[in-house]
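S.K.: So that you have it, the file is structure19.cif, and it contains mmCIF, C-alpha atoms:
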```cif
data_entry
loop_
_atom_site.group_PDB
_atom_site.id
_atom_site.type_symbol
_atom_site.label_atom_id
_atom_site.label_comp_id
_atom_site.auth_asym_id
_atom_site.auth_seq_id
_atom_site.Cartn_x
_atom_site.Cartn_y
_atom_site.Cartn_z
ATOM 1 C CA MET A 16 116.875 54.285 16.393
ATOM 2 C CA LYS A 17 119.252 57.074 15.573
ATOM 3 C CA LEU A 18 122.999 57.347 15.489
ATOM 4 C CA GLN A 19 124.571 58.779 18.589
ATOM 5 C CA PHE A 20 128.110 58.087 19.674
ATOM 6 C CA ASN A 21 128.951 57.055 23.224
ATOM 7 C CA LYS A 22 132.648 57.376 24.010
ATOM 8 C CA ASN A 23 132.611 54.852 26.870
ATOM 9 C CA TYR A 24 131.137 52.042 24.786
ATOM 10 C CA LEU A 25 133.400 52.826 21.834
ATOM 11 C CA VAL A 26 136.506 52.720 24.043
ATOM 12 C CA LEU A 27 135.312 49.368 25.406
ATOM 13 C CA ALA A 28 134.701 48.124 21.851
ATOM 14 C CA HIS A 29 138.174 49.227 20.753
ATOM 15 C CA SER A 30 139.802 47.494 23.725
ATOM 16 C CA LEU A 31 137.853 44.283 23.130
ATOM 17 C CA PHE A 32 138.718 44.386 19.430
ATOM 18 C CA LEU A 33 142.415 44.561 20.263
ATOM 19 C CA ALA A 34 142.005 41.662 22.706
ATOM 20 C CA GLU A 35 140.199 39.637 20.020
ATOM 21 C CA LEU A 36 142.980 40.345 17.532
ATOM 22 C CA ALA A 37 145.580 39.208 20.056
ATOM 23 C CA ILE A 38 143.623 36.019 20.737
ATOM 24 C CA ALA A 39 143.162 35.330 17.014
ATOM 25 C CA PHE A 40 146.786 35.814 16.012
ATOM 26 C CA ILE A 41 148.718 34.707 19.097
ATOM 27 C CA ILE A 42 146.735 31.842 20.616
ATOM 28 C CA LYS A 43 146.197 29.007 18.167
ATOM 29 C CA THR A 44 144.168 26.461 20.184
ATOM 30 C CA GLY A 45 142.423 25.892 23.466
ATOM 31 C CA PHE A 46 139.748 27.373 25.686
ATOM 32 C CA ILE A 47 140.910 30.983 25.361
ATOM 33 C CA ARG A 48 140.942 30.854 21.553
ATOM 34 C CA TYR A 49 137.631 29.111 20.995
ATOM 35 C CA THR A 50 135.298 29.615 23.942
ATOM 36 C CA PHE A 51 136.541 32.799 25.621
ATOM 37 C CA GLY A 52 136.937 34.474 22.230
ATOM 38 C CA ASP A 53 133.271 33.751 21.472
ATOM 39 C CA TYR A 54 132.306 35.066 24.903
ATOM 40 C CA LEU A 55 134.175 38.312 24.243
ATOM 41 C CA VAL A 56 132.921 38.769 20.687
ATOM 42 C CA VAL A 57 129.287 39.206 21.759
ATOM 43 C CA ILE A 58 130.369 41.796 24.308
ATOM 44 C CA LEU A 59 132.355 43.506 21.539
ATOM 45 C CA LEU A 60 129.342 43.571 19.196
ATOM 46 C CA TYR A 61 127.141 44.856 22.008
ATOM 47 C CA ALA A 62 129.613 47.655 22.771
ATOM 48 C CA ILE A 63 129.709 48.647 19.090
ATOM 49 C CA ILE A 64 125.921 48.793 18.846
ATOM 50 C CA ARG A 65 125.536 50.718 22.106
ATOM 51 C CA GLY A 66 128.428 52.979 21.155
ATOM 52 C CA CYS A 67 126.857 54.008 17.857
ATOM 53 C CA THR A 68 123.081 53.933 18.419
ATOM 54 C CA THR A 69 120.412 54.923 20.897
ATOM 55 C CA LEU A 70 118.991 51.402 21.128
ATOM 56 C CA SER A 71 118.027 50.168 24.578
ATOM 57 C CA VAL A 72 120.050 47.634 26.523
ATOM 58 C CA ARG A 73 117.578 44.824 25.855
ATOM 59 C CA ALA A 74 117.178 45.604 22.152
ATOM 60 C CA SER A 75 120.938 45.753 21.666
ATOM 61 C CA ALA A 76 121.448 42.486 23.551
ATOM 62 C CA PHE A 77 118.716 40.766 21.532
ATOM 63 C CA ILE A 78 120.175 41.953 18.211
ATOM 64 C CA VAL A 79 123.669 40.777 19.160
ATOM 65 C CA LEU A 80 122.393 37.376 20.303
ATOM 66 C CA PHE A 81 120.356 37.046 17.092
ATOM 67 C CA ILE A 82 123.433 37.822 14.958
ATOM 68 C CA ALA A 83 125.677 35.447 16.939
ATOM 69 C CA PHE A 84 123.180 32.579 16.857
ATOM 70 C CA GLY A 85 122.519 33.219 13.158
ATOM 71 C CA ILE A 86 126.189 33.023 12.240
ATOM 72 C CA GLU A 87 126.625 29.920 14.379
ATOM 73 C CA LEU A 88 123.647 28.227 12.717
ATOM 74 C CA LEU A 89 125.033 29.160 9.291
ATOM 75 C CA GLN A 90 128.062 27.058 10.195
ATOM 76 C CA LEU A 91 125.811 24.004 9.864
ATOM 77 C CA THR A 92 125.725 24.770 6.133
ATOM 78 C CA PRO A 93 128.550 25.193 3.609
ATOM 79 C CA PHE A 94 127.694 28.900 3.275
ATOM 80 C CA LEU A 95 131.308 30.031 2.731
ATOM 81 C CA THR A 96 131.409 27.759 -0.323
ATOM 82 C CA TYR A 97 128.370 29.554 -1.784
ATOM 83 C CA PHE A 98 130.421 32.758 -1.865
ATOM 84 C CA ASN A 99 133.653 30.980 -2.899
ATOM 85 C CA LEU A 100 135.290 31.917 0.423
ATOM 86 C CA GLN A 101 136.028 28.424 1.741
ATOM 87 C CA HIS A 102 139.793 29.014 1.466
ATOM 88 C CA SER A 103 139.758 32.562 2.841
ATOM 89 C CA PHE A 104 141.561 32.876 6.175
ATOM 90 C CA THR A 105 139.719 36.082 7.037
ATOM 91 C CA ALA A 106 136.255 34.696 6.237
ATOM 92 C CA SER A 107 137.001 31.559 8.248
ATOM 93 C CA LEU A 108 138.255 33.663 11.142
ATOM 94 C CA ILE A 109 135.194 35.928 11.170
ATOM 95 C CA PHE A 110 132.464 33.398 10.445
ATOM 96 C CA GLY A 111 134.040 30.202 11.722
ATOM 97 C CA ASN A 112 133.957 26.788 10.141
ATOM 98 C CA THR A 113 132.187 24.423 12.496
ATOM 99 C CA PHE A 114 129.089 24.492 14.665
ATOM 100 C CA HIS A 115 129.579 23.863 18.386
ATOM 101 C CA LEU A 116 127.021 23.994 21.174
ATOM 102 C CA THR A 117 129.707 25.451 23.430
ATOM 103 C CA ASP A 118 129.768 28.508 21.149
ATOM 104 C CA ILE A 119 126.034 29.016 21.727
ATOM 105 C CA LEU A 120 126.673 28.722 25.459
ATOM 106 C CA ALA A 121 129.544 31.224 25.284
ATOM 107 C CA TYR A 122 127.374 33.716 23.379
ATOM 108 C CA THR A 123 124.576 33.328 25.900
ATOM 109 C CA LEU A 124 126.914 33.752 28.866
ATOM 110 C CA GLY A 125 128.429 36.842 27.220
ATOM 111 C CA ILE A 126 125.005 38.479 26.856
ATOM 112 C CA ILE A 127 124.033 37.483 30.402
ATOM 113 C CA THR A 128 127.243 39.164 31.596
ATOM 114 C CA VAL A 129 126.335 42.290 29.627
ATOM 115 C CA LEU A 130 122.797 42.395 31.034
ATOM 116 C CA LYS A 131 123.985 41.864 34.618
ATOM 117 C CA THR A 132 126.679 44.519 34.241
ATOM 118 C CA GLU A 133 124.230 47.017 32.750
ATOM 119 C CA LYS A 134 121.765 46.321 35.569
ATOM 120 C CA HIS A 135 124.513 46.802 38.148
ATOM 121 C CA TYR A 136 125.564 50.155 36.689
ATOM 122 C CA GLU A 137 121.942 51.265 36.417
ATOM 123 C CA ASN A 138 121.477 50.494 40.119
ATOM 124 C CA ILE A 139 124.618 52.455 40.992
ATOM 125 C CA LYS A 140 123.465 55.375 38.870
ATOM 126 C CA ASN A 141 120.058 55.378 40.569
ATOM 127 C CA THR A 142 121.655 55.174 44.008
ATOM 128 C CA TYR A 143 123.545 58.420 43.488
ATOM 129 C CA THR A 144 120.646 60.267 41.877
ATOM 130 C CA ILE A 145 118.835 62.558 44.284
ATOM 131 C CA LYS A 146 115.093 62.470 43.851
ATOM 132 C CA VAL A 147 113.185 65.489 45.089
#
```
Would you write the structure of this file as C-alpha cells?
M.R.:
Amino acid sequence: MKLQFNKNYLVLAHSLFLAELAIAFIIKTGFIRYTFGDYLVVILLYAIIRGCTTLSVRASAFIVLFIAFGIELLQLTPFLTYFNLQHSFTASLIFGNTFHLTDILAYTLGIITVLKTEKHYENIKNTYTIKV
C-alpha cells in the first residue's frame, strides 16, 4: 500500500463529511440521525481510504467494515470511561454510546452499496475500453 491521492474519492469524502456534520448538528433523533448516518459513515470512511491509498476495492471495504464493527462492538464495553471521555460530546458523537444491531446492518448495507457501485462503474469502464 502506498499513498496516492484520488480527487474523485476525496471530493466524495468531503461531501459526505459535510452531510454527516449536517445530520449530527441539525437532526437530533430518528432514522436519518441514527441509521442513515451510520450507513453514510462507512461510505465516507471508504472514500477516505480509496482517496488516499492504492488499496483495492475489496481490501478497502474489508478494512472499513472491520473498523465499523470494531467500534460498534466496543460500545458493549464502557471504553470511553477508560479514557475519561464519558462526558465528552465529541467522543460520544464519534464513537457512540450504545450497541445496536441496526447499526451493524447499516454498516453492512453501506459496504454492499459501495461494492455494487464499484462493480457497476468497473463494468461501465470496461464497456468503453476498446480491446485490440
S.K.: With only C-alpha atoms as the atoms that count, which of A:Phe32, A:Phe77, A:Phe20, A:Phe84 lies nearest to Val129 (chain A)?
M.R.: A:Phe77
S.K.: What is the CA of Asp53 (chain A) to CA of Leu25 (chain A) distance in Å?
M.R.: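 Rounded to one decimal, the two atoms are 19.1 Å apart.
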S.K.: Name every residue that the PyMOL selection byres ((chain A and resi 105-114) around 9) selects in this structure, writing the answer as number ranges by chain with chains first and numbers rising.
M.R.: A: 39, 86-91, 93, 95, 100-104, 115-119
S.K.: Tell me which of A:Ile78, A:Ile139, A:Ile64, A:Ala121 sits closest to Phe46 (chain A), counting all atoms listed in the file.
M.R.: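 Closest residue, counting all atoms listed in the file: A:Ala121.
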S.K.: Just the residues within 12 Å of Ser75 (chain A), please, counting all atoms listed in the file, with nothing from its chain fewer than 4 positions along; format it as number ranges by chain.
M.R.: A: 16, 57-71, 79-82, 126, 129-130, 133
S.K.: Using all atoms listed in the file, determine which residues lie at most 9 Å from Ile38 (chain A), disregarding the query and same-chain residues fewer than 3 positions distant; provide the list as a ChimeraX atom specification.
M.R.: /A:33-35,41-43,47-48,52
S.K.: By how many Å are CA of Tyr136 (chain A) and CA of Ala74 (chain A) apart?
M.R.: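 So the answer is 17.4 Å.
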